[in-house]
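So this block is work.csv, CSV, C-alpha atoms:
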```csv
chain,number,residue,atom,x,y,z
A,1,MET,CA,-119.1,16.5,-66.8
A,2,THR,CA,-115.5,17.8,-66.4
A,3,HIS,CA,-114.7,21.5,-66.8
A,4,VAL,CA,-112.9,20.8,-70.0
A,5,GLU,CA,-115.9,19.0,-71.5
A,6,ASP,CA,-118.2,21.9,-70.5
A,7,GLU,CA,-115.8,24.4,-72.0
A,8,LEU,CA,-115.2,22.6,-75.3
A,9,ASN,CA,-119.0,22.2,-75.7
A,10,SER,CA,-119.5,26.0,-75.4
A,11,GLN,CA,-117.3,26.8,-78.4
A,12,PRO,CA,-120.0,27.5,-81.0
A,13,GLU,CA,-121.5,30.2,-78.9
A,14,CYS,CA,-118.1,31.7,-78.1
A,15,TRP,CA,-117.2,31.7,-81.7
A,16,THR,CA,-120.4,33.4,-82.7
A,17,ARG,CA,-119.8,36.2,-80.2
A,18,ALA,CA,-116.1,36.6,-81.2
A,19,ALA,CA,-117.0,37.0,-84.8
A,20,ALA,CA,-119.6,39.6,-83.9
A,21,ASP,CA,-117.1,41.5,-81.7
A,22,ALA,CA,-114.3,41.6,-84.3
A,23,PRO,CA,-115.3,44.9,-85.9
A,24,ALA,CA,-115.2,46.7,-82.5
A,25,ALA,CA,-111.9,45.1,-81.6
A,26,GLY,CA,-110.4,45.9,-84.9
A,27,GLY,CA,-108.6,49.1,-83.9
A,28,ARG,CA,-106.6,47.2,-81.3
A,29,LEU,CA,-105.6,44.4,-83.6
A,30,PRO,CA,-102.8,44.3,-86.2
A,31,GLN,CA,-103.5,46.7,-89.1
A,32,ALA,CA,-103.0,45.9,-92.8
A,33,GLY,CA,-99.4,46.5,-93.8
A,34,GLU,CA,-97.9,46.3,-90.3
A,35,ARG,CA,-95.0,43.9,-89.7
A,36,VAL,CA,-96.3,41.8,-86.9
A,37,ALA,CA,-94.8,39.2,-84.4
A,38,VAL,CA,-97.4,37.0,-82.7
A,39,VAL,CA,-96.3,35.3,-79.5
A,40,GLY,CA,-97.6,32.9,-76.9
A,41,CYS,CA,-96.7,29.9,-74.9
A,42,GLY,CA,-98.0,26.3,-75.4
A,43,THR,CA,-101.5,26.3,-76.9
A,44,SER,CA,-101.3,30.1,-77.5
A,45,TYR,CA,-98.1,29.7,-79.5
A,46,TYR,CA,-99.8,27.2,-81.8
A,47,MET,CA,-102.7,29.6,-82.3
A,48,ALA,CA,-100.1,32.2,-83.1
A,49,GLN,CA,-98.6,30.0,-85.8
A,50,ALA,CA,-102.1,29.5,-87.3
A,51,TYR,CA,-102.9,33.2,-87.3
A,52,ALA,CA,-99.5,34.2,-88.7
A,53,ALA,CA,-99.9,31.9,-91.7
A,54,LEU,CA,-103.4,33.2,-92.3
A,55,ARG,CA,-102.5,36.9,-92.0
A,56,GLU,CA,-99.5,36.7,-94.3
A,57,GLY,CA,-101.3,34.5,-96.7
A,58,ALA,CA,-104.1,37.1,-96.9
A,59,GLY,CA,-101.6,39.7,-98.0
A,60,GLN,CA,-102.0,41.7,-94.7
A,61,GLY,CA,-98.3,42.0,-94.0
A,62,GLU,CA,-95.3,40.0,-92.9
A,63,THR,CA,-96.2,38.0,-89.8
A,64,ASP,CA,-94.1,35.7,-87.7
A,65,ALA,CA,-94.9,33.5,-84.7
A,66,PHE,CA,-92.6,32.8,-81.8
A,67,PRO,CA,-92.8,31.2,-78.4
A,68,ALA,CA,-92.6,34.3,-76.1
A,69,SER,CA,-89.4,33.0,-74.6
A,70,GLU,CA,-87.7,32.8,-78.0
A,71,PHE,CA,-88.6,36.2,-79.4
A,72,PRO,CA,-85.7,37.6,-81.6
A,73,SER,CA,-85.2,40.9,-79.8
A,74,ARG,CA,-83.0,42.3,-82.5
A,75,ARG,CA,-85.7,42.2,-85.1
A,76,ALA,CA,-87.9,45.2,-85.8
A,77,TYR,CA,-91.7,44.9,-85.8
A,78,ASP,CA,-94.5,47.4,-86.0
A,79,ARG,CA,-96.5,45.4,-83.5
A,80,ILE,CA,-96.3,42.5,-81.1
A,81,LEU,CA,-99.5,40.6,-80.6
A,82,ALA,CA,-99.5,38.4,-77.5
A,83,LEU,CA,-102.0,35.6,-76.8
A,84,THR,CA,-102.3,34.8,-73.1
A,85,ARG,CA,-105.3,33.2,-71.5
A,86,SER,CA,-104.3,33.9,-67.9
A,87,GLY,CA,-102.6,37.2,-68.4
A,88,THR,CA,-99.9,36.1,-65.9
A,89,THR,CA,-97.5,34.0,-68.0
A,90,THR,CA,-94.0,35.1,-67.1
A,91,GLU,CA,-92.4,34.9,-70.5
A,92,VAL,CA,-95.2,36.9,-72.1
A,93,LEU,CA,-95.1,39.6,-69.4
A,94,ASP,CA,-91.4,39.9,-69.6
A,95,LEU,CA,-91.5,40.4,-73.4
A,96,LEU,CA,-94.2,43.0,-73.2
A,97,GLU,CA,-92.3,44.9,-70.6
A,98,ARG,CA,-89.1,44.9,-72.7
A,99,ALA,CA,-91.1,46.2,-75.7
A,100,LYS,CA,-92.5,49.2,-73.9
A,101,GLY,CA,-91.7,52.4,-75.7
A,102,ARG,CA,-90.1,50.5,-78.6
A,103,THR,CA,-92.9,48.5,-80.2
A,104,ARG,CA,-96.7,48.7,-80.1
A,105,THR,CA,-98.1,45.8,-78.2
A,106,THR,CA,-101.6,44.2,-78.1
A,107,ALA,CA,-102.6,41.4,-75.8
A,108,ILE,CA,-105.6,39.1,-76.1
A,109,THR,CA,-106.5,37.6,-72.8
A,110,ALA,CA,-109.4,36.1,-70.9
A,111,ASP,CA,-108.8,37.9,-67.6
A,112,PRO,CA,-108.5,41.7,-67.5
A,113,ASP,CA,-107.7,41.7,-63.7
A,114,THR,CA,-104.1,40.5,-64.3
A,115,PRO,CA,-100.7,42.1,-64.9
A,116,VAL,CA,-101.1,42.0,-68.7
A,117,THR,CA,-103.6,44.8,-68.4
A,118,THR,CA,-100.8,47.3,-67.8
A,119,ALA,CA,-98.1,45.4,-69.6
A,120,ALA,CA,-99.7,45.8,-73.1
A,121,ASP,CA,-100.5,49.0,-74.9
A,122,ASP,CA,-103.8,47.6,-76.2
A,123,LEU,CA,-106.0,44.9,-74.7
A,124,VAL,CA,-108.7,42.6,-76.1
A,125,VAL,CA,-110.6,40.7,-73.4
A,126,LEU,CA,-112.5,37.5,-74.2
A,127,ASP,CA,-113.7,37.0,-70.6
A,128,TYR,CA,-116.7,34.9,-71.8
A,129,ALA,CA,-114.2,32.4,-73.1
A,130,ASP,CA,-112.2,32.1,-69.9
A,131,GLU,CA,-111.8,28.5,-68.5
A,132,ARG,CA,-111.5,26.7,-65.2
A,133,SER,CA,-109.6,23.8,-66.7
A,134,VAL,CA,-105.9,23.6,-67.0
A,135,VAL,CA,-106.3,22.3,-70.6
A,136,GLN,CA,-107.1,25.1,-73.0
A,137,THR,CA,-110.0,24.6,-75.5
A,138,ARG,CA,-112.4,27.4,-76.0
A,139,PHE,CA,-110.1,30.4,-75.2
A,140,ALA,CA,-107.7,29.4,-77.9
A,141,THR,CA,-110.2,28.7,-80.6
A,142,THR,CA,-112.2,31.8,-79.7
A,143,ALA,CA,-109.1,34.0,-80.0
A,144,LEU,CA,-108.3,32.5,-83.4
A,145,THR,CA,-111.9,33.0,-84.5
A,146,LEU,CA,-111.7,36.7,-83.5
A,147,LEU,CA,-108.5,37.0,-85.5
A,148,ARG,CA,-109.9,35.1,-88.5
A,149,ALA,CA,-113.0,37.4,-88.5
A,150,HIS,CA,-110.8,40.5,-88.3
A,151,LEU,CA,-109.0,39.2,-91.5
A,152,GLY,CA,-112.4,38.6,-93.2
A,153,LEU,CA,-111.6,34.9,-93.1
A,154,HIS,CA,-114.2,33.5,-90.7
A,155,PRO,CA,-116.4,31.3,-92.9
A,156,GLU,CA,-120.1,30.9,-92.5
A,157,GLU,CA,-119.7,27.2,-92.0
A,158,ALA,CA,-117.3,27.4,-89.1
A,159,VAL,CA,-119.9,27.6,-86.3
A,160,PRO,CA,-122.3,25.0,-87.8
A,161,ASP,CA,-119.2,22.7,-88.4
A,162,ALA,CA,-118.2,23.2,-84.7
A,163,ARG,CA,-121.7,22.0,-83.7
A,164,THR,CA,-121.3,19.0,-86.0
A,165,ALA,CA,-117.9,18.3,-84.4
A,166,LEU,CA,-119.5,18.2,-81.0
A,167,THR,CA,-122.4,15.9,-81.9
A,168,ASP,CA,-121.1,13.5,-84.5
A,169,THR,CA,-119.8,10.1,-83.3
A,170,LEU,CA,-116.0,9.9,-83.3
A,171,PRO,CA,-114.6,7.5,-85.8
A,172,ASP,CA,-114.7,3.8,-84.7
A,173,ASP,CA,-111.8,2.4,-82.6
A,174,LEU,CA,-109.9,5.7,-82.3
A,175,VAL,CA,-109.9,5.5,-78.5
A,176,GLU,CA,-108.0,2.2,-78.6
A,177,ARG,CA,-105.2,3.6,-80.8
A,178,THR,CA,-101.8,4.0,-79.1
A,179,GLN,CA,-100.2,6.6,-81.3
A,180,PHE,CA,-101.7,9.7,-82.9
A,181,THR,CA,-100.3,11.8,-85.6
A,182,PHE,CA,-101.8,15.1,-86.8
A,183,LEU,CA,-100.9,16.8,-90.1
A,184,GLY,CA,-101.6,20.2,-91.5
A,185,ARG,CA,-100.7,22.6,-94.4
A,186,GLY,CA,-100.3,26.3,-94.2
A,187,TRP,CA,-102.3,27.7,-91.3
A,188,THR,CA,-103.5,24.3,-90.2
A,189,VAL,CA,-100.0,23.2,-89.2
A,190,GLY,CA,-100.5,25.2,-86.0
A,191,LEU,CA,-103.8,23.4,-85.5
A,192,ALA,CA,-102.1,20.0,-85.9
A,193,HIS,CA,-99.6,20.9,-83.3
A,194,GLU,CA,-102.3,22.0,-80.9
A,195,ALA,CA,-104.3,18.8,-81.5
A,196,ALA,CA,-101.2,16.8,-80.6
A,197,LEU,CA,-100.7,18.9,-77.5
A,198,LYS,CA,-104.2,18.3,-76.3
A,199,MET,CA,-103.7,14.5,-76.6
A,200,ARG,CA,-100.5,14.7,-74.6
A,201,GLU,CA,-101.9,17.0,-71.9
A,202,ALA,CA,-105.2,15.3,-71.3
A,203,SER,CA,-104.5,11.6,-72.0
A,204,LEU,CA,-100.7,11.2,-71.9
A,205,SER,CA,-100.8,9.8,-75.4
A,206,TRP,CA,-97.9,9.4,-77.8
A,207,THR,CA,-98.7,12.1,-80.3
A,208,GLU,CA,-96.8,13.9,-83.1
A,209,ALA,CA,-97.6,16.7,-85.5
A,210,TYR,CA,-96.0,17.7,-88.8
A,211,PRO,CA,-96.5,19.7,-92.0
A,212,ALA,CA,-98.2,17.2,-94.2
A,213,MET,CA,-95.5,17.2,-96.9
A,214,GLU,CA,-92.8,16.6,-94.3
A,215,TYR,CA,-94.5,13.5,-92.9
A,216,ARG,CA,-93.1,11.3,-95.7
A,217,HIS,CA,-89.5,12.6,-95.0
A,218,GLY,CA,-88.9,10.3,-92.1
A,219,PRO,CA,-91.8,10.4,-89.6
A,220,ILE,CA,-94.0,8.0,-91.5
A,221,SER,CA,-91.4,5.3,-90.6
A,222,VAL,CA,-92.8,4.9,-87.1
A,223,THR,CA,-96.4,4.6,-88.3
A,224,THR,CA,-98.0,1.3,-87.5
A,225,THR,CA,-101.3,-0.5,-87.4
A,226,THR,CA,-102.1,1.1,-84.0
A,227,THR,CA,-101.5,4.7,-85.4
A,228,ALA,CA,-104.3,7.1,-86.2
A,229,THR,CA,-103.1,9.8,-88.7
A,230,TRP,CA,-105.4,12.8,-88.8
A,231,MET,CA,-105.3,15.4,-91.6
A,232,PHE,CA,-106.4,19.0,-91.0
A,233,GLY,CA,-107.5,20.5,-94.3
A,234,GLU,CA,-106.9,19.1,-97.8
A,235,ALA,CA,-104.3,16.3,-97.9
A,236,PRO,CA,-101.4,16.2,-100.4
A,237,GLU,CA,-102.1,13.9,-103.3
A,238,GLY,CA,-101.3,10.3,-102.6
A,239,LEU,CA,-100.7,10.7,-98.9
A,240,ALA,CA,-103.9,8.9,-97.8
A,241,ALA,CA,-102.9,5.9,-99.8
A,242,GLN,CA,-99.4,5.9,-98.5
A,243,VAL,CA,-100.6,6.1,-94.9
A,244,GLY,CA,-103.1,3.4,-95.5
A,245,ALA,CA,-100.4,1.1,-96.8
A,246,THR,CA,-98.8,1.2,-93.4
A,247,GLY,CA,-101.9,-0.2,-91.8
A,248,ALA,CA,-102.6,3.0,-89.9
A,249,ARG,CA,-106.1,4.6,-89.6
A,250,TRP,CA,-106.4,7.6,-91.9
A,251,ILE,CA,-108.7,10.4,-90.9
A,252,GLU,CA,-109.3,13.1,-93.4
A,253,GLY,CA,-110.8,16.3,-91.9
A,254,ARG,CA,-114.0,17.3,-93.8
A,255,LEU,CA,-115.1,20.1,-91.6
A,256,ASP,CA,-113.7,23.6,-91.2
A,257,PRO,CA,-110.2,23.0,-89.8
A,258,LEU,CA,-110.9,24.8,-86.6
A,259,ALA,CA,-114.0,22.6,-86.1
A,260,GLU,CA,-111.7,19.6,-86.8
A,261,LEU,CA,-109.7,20.8,-83.8
A,262,VAL,CA,-112.8,20.5,-81.7
A,263,ARG,CA,-113.2,16.9,-82.8
A,264,ALA,CA,-109.6,16.3,-81.7
A,265,GLN,CA,-110.3,17.9,-78.3
A,266,ARG,CA,-113.2,15.5,-77.9
A,267,LEU,CA,-110.9,12.6,-78.7
A,268,ALA,CA,-108.4,13.7,-76.1
A,269,VAL,CA,-111.1,13.8,-73.4
A,270,ALA,CA,-112.4,10.4,-74.6
A,271,VAL,CA,-109.0,8.8,-74.5
A,272,ALA,CA,-108.3,10.3,-71.0
A,273,ALA,CA,-111.6,8.8,-69.7
A,274,ALA,CA,-110.8,5.4,-71.2
A,275,ARG,CA,-107.4,5.4,-69.4
A,276,GLY,CA,-108.8,6.6,-66.1
A,277,PHE,CA,-107.2,10.1,-66.2
A,278,ASP,CA,-108.8,13.4,-65.1
A,279,PRO,CA,-108.4,15.8,-68.0
A,280,ASP,CA,-109.0,18.7,-65.7
A,281,ARG,CA,-105.9,17.8,-63.7
A,282,PRO,CA,-103.2,16.9,-66.2
A,283,ARG,CA,-100.0,15.6,-64.8
A,284,HIS,CA,-97.3,18.1,-63.9
A,285,LEU,CA,-99.2,21.1,-65.4
A,286,THR,CA,-100.7,24.3,-64.0
A,287,ARG,CA,-103.2,26.8,-65.5
A,288,SER,CA,-100.4,29.4,-65.9
A,289,VAL,CA,-96.6,29.1,-65.8
A,290,ILE,CA,-95.3,31.7,-63.4
A,291,LEU,CA,-91.6,31.6,-62.9
A,292,ALA,CA,-90.0,32.6,-59.6
A,293,PRO,CA,-87.8,35.7,-59.9
```
Representation of the structure as structure tokens:
Amino acid sequence: MTHVEDELNSQPECWTRAAADAPAAGGRLPQAGERVAVVGCGTSYYMAQAYAALREGAGQGETDAFPASEFPSRRAYDRILALTRSGTTTEVLDLLERAKGRTRTTAITADPDTPVTTAADDLVVLDYADERSVVQTRFATTALTLLRAHLGLHPEEAVPDARTALTDTLPDDLVERTQFTFLGRGWTVGLAHEAALKMREASLSWTEAYPAMEYRHGPISVTTTTTATWMFGEAPEGLAAQVGATGARWIEGRLDPLAELVRAQRLAVAVAAARGFDPDRPRHLTRSVILAP
């Protein structure tokens, strides 16, 4: 078993612990009414997108998500929340250092023995969700589970659905598809982007991700009989039929959307195996991006 398989299979236990830990971590996380910027890189940025939509939708305060490298420094926020598995990512550390003395900062990380420990004002450590694989799975979903629970939005079915996602057979013929499109609405747009990233990283697949309503505004034109189009959450009316008319395989997520992401992670590993790739060693990637000064 690869590291990534072992790590993605441990997600139900990690989520259970994160949900239980949320009350204790609450004082270090964004408070109701704060104006918050959530930042990250790669997978962490997509989790930031999902959390930002959830938090603002819950009426907790204006919440924006940015890649750490693209943070708008002239905007005023009450808090910056940084998601960083390694605690060593250059863009995140640079942003936290620039914010010192100006904006309250919180970092969620998997490793407390890294520079982020002193770069952020507040720290939440999910060391039990740390990973050996380059490809992120459990840290990202565990961090988002913690944040969902802090908002009171961690549903009872999330963990059972994650177990289902790990044991149910993947839909027939998905591994043979040559193009994968992931769609979301609201907070699940971030999950769709993350699913597409997992497919690219692990299996070098042609993948795309869009807000579901935007898919019909051009992107559907490249959909073919070898495409799988996967919806996270409830689909817009008529979209399934329109995708079906292209000859593509339509997959409608029926589990909690975060559990659907686990199914997509499994698909990425399965496609990698079918193509002879090692998902623990994705091409041109490292566990953390550290830029030379």
Show me the residues close to (-105.5, 28.3, -92.4) - anything with an atom within 8 Å, counting all atoms listed in the file - and format the list as a PyMOL selection string. chain A and resi 50-51+53-54+185-188+257
Filtering to C-alpha atoms, could you give me those residues as an mmCIF file, in the coordinates of the input?
```
data_model
loop_
_atom_site.group_PDB
_atom_site.id
_atom_site.type_symbol
_atom_site.label_atom_id
_atom_site.label_comp_id
_atom_site.auth_asym_id
_atom_site.auth_seq_id
_atom_site.Cartn_x
_atom_site.Cartn_y
_atom_site.Cartn_z
ATOM 1 C CA ALA A 50 -102.100 29.500 -87.300
ATOM 2 C CA TYR A 51 -102.900 33.200 -87.300
ATOM 3 C CA ALA A 53 -99.900 31.900 -91.700
ATOM 4 C CA LEU A 54 -103.400 33.200 -92.300
ATOM 5 C CA ARG A 185 -100.700 22.600 -94.400
ATOM 6 C CA GLY A 186 -100.300 26.300 -94.200
ATOM 7 C CA TRP A 187 -102.300 27.700 -91.300
ATOM 8 C CA THR A 188 -103.500 24.300 -90.200
ATOM 9 C CA PRO A 257 -110.200 23.000 -89.800
#
```
Report as a PyMOL selection string all protein, DNA and RNA residues lying within 6 Å of stretch 206-215 of chain A, evaluated on all atoms listed in the file, omitting residues in the same chain fewer than 2 positions from it. chain A and resi 179-185+189+192-193+196+217+219-220
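Each of A:Thr63, A:Gly27, A:Ala129, A:Thr118 was compared to A:Arg85 using only C-alpha atoms, and A:Ala129 turns out to be the nearest.
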Atom CA of A:Ala264 to atom CA of A:Thr90, distance in Å rounded to a single decimal: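 These atoms are spaced 28.5 Å apart.
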From the set A:Leu258, A:Ala268, A:Val124, A:Val4, which residue has the shortest atom-to-atom contact distance to A:Gly87, counting only C-alpha atoms?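 Going through A:Leu258, A:Ala268, A:Val124, A:Val4 one by one, the smallest distance to A:Gly87 is for A:Val124.
Take the candidates A:Ala143, A:Leu255, A:Ala76, A:Ala18 and check each one against A:Tyr45 using all atoms listed in the file; the shortest distance goes to A:Ala143.
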Which residues are near stretch 102-110 of chain A? Cut-off 8 Å, all atoms listed in the file, ignore same chain within fewer than 4 positions. Put them as a ChimeraX atom specification. /A:28-29,77-87,96,116,120-130,139,143
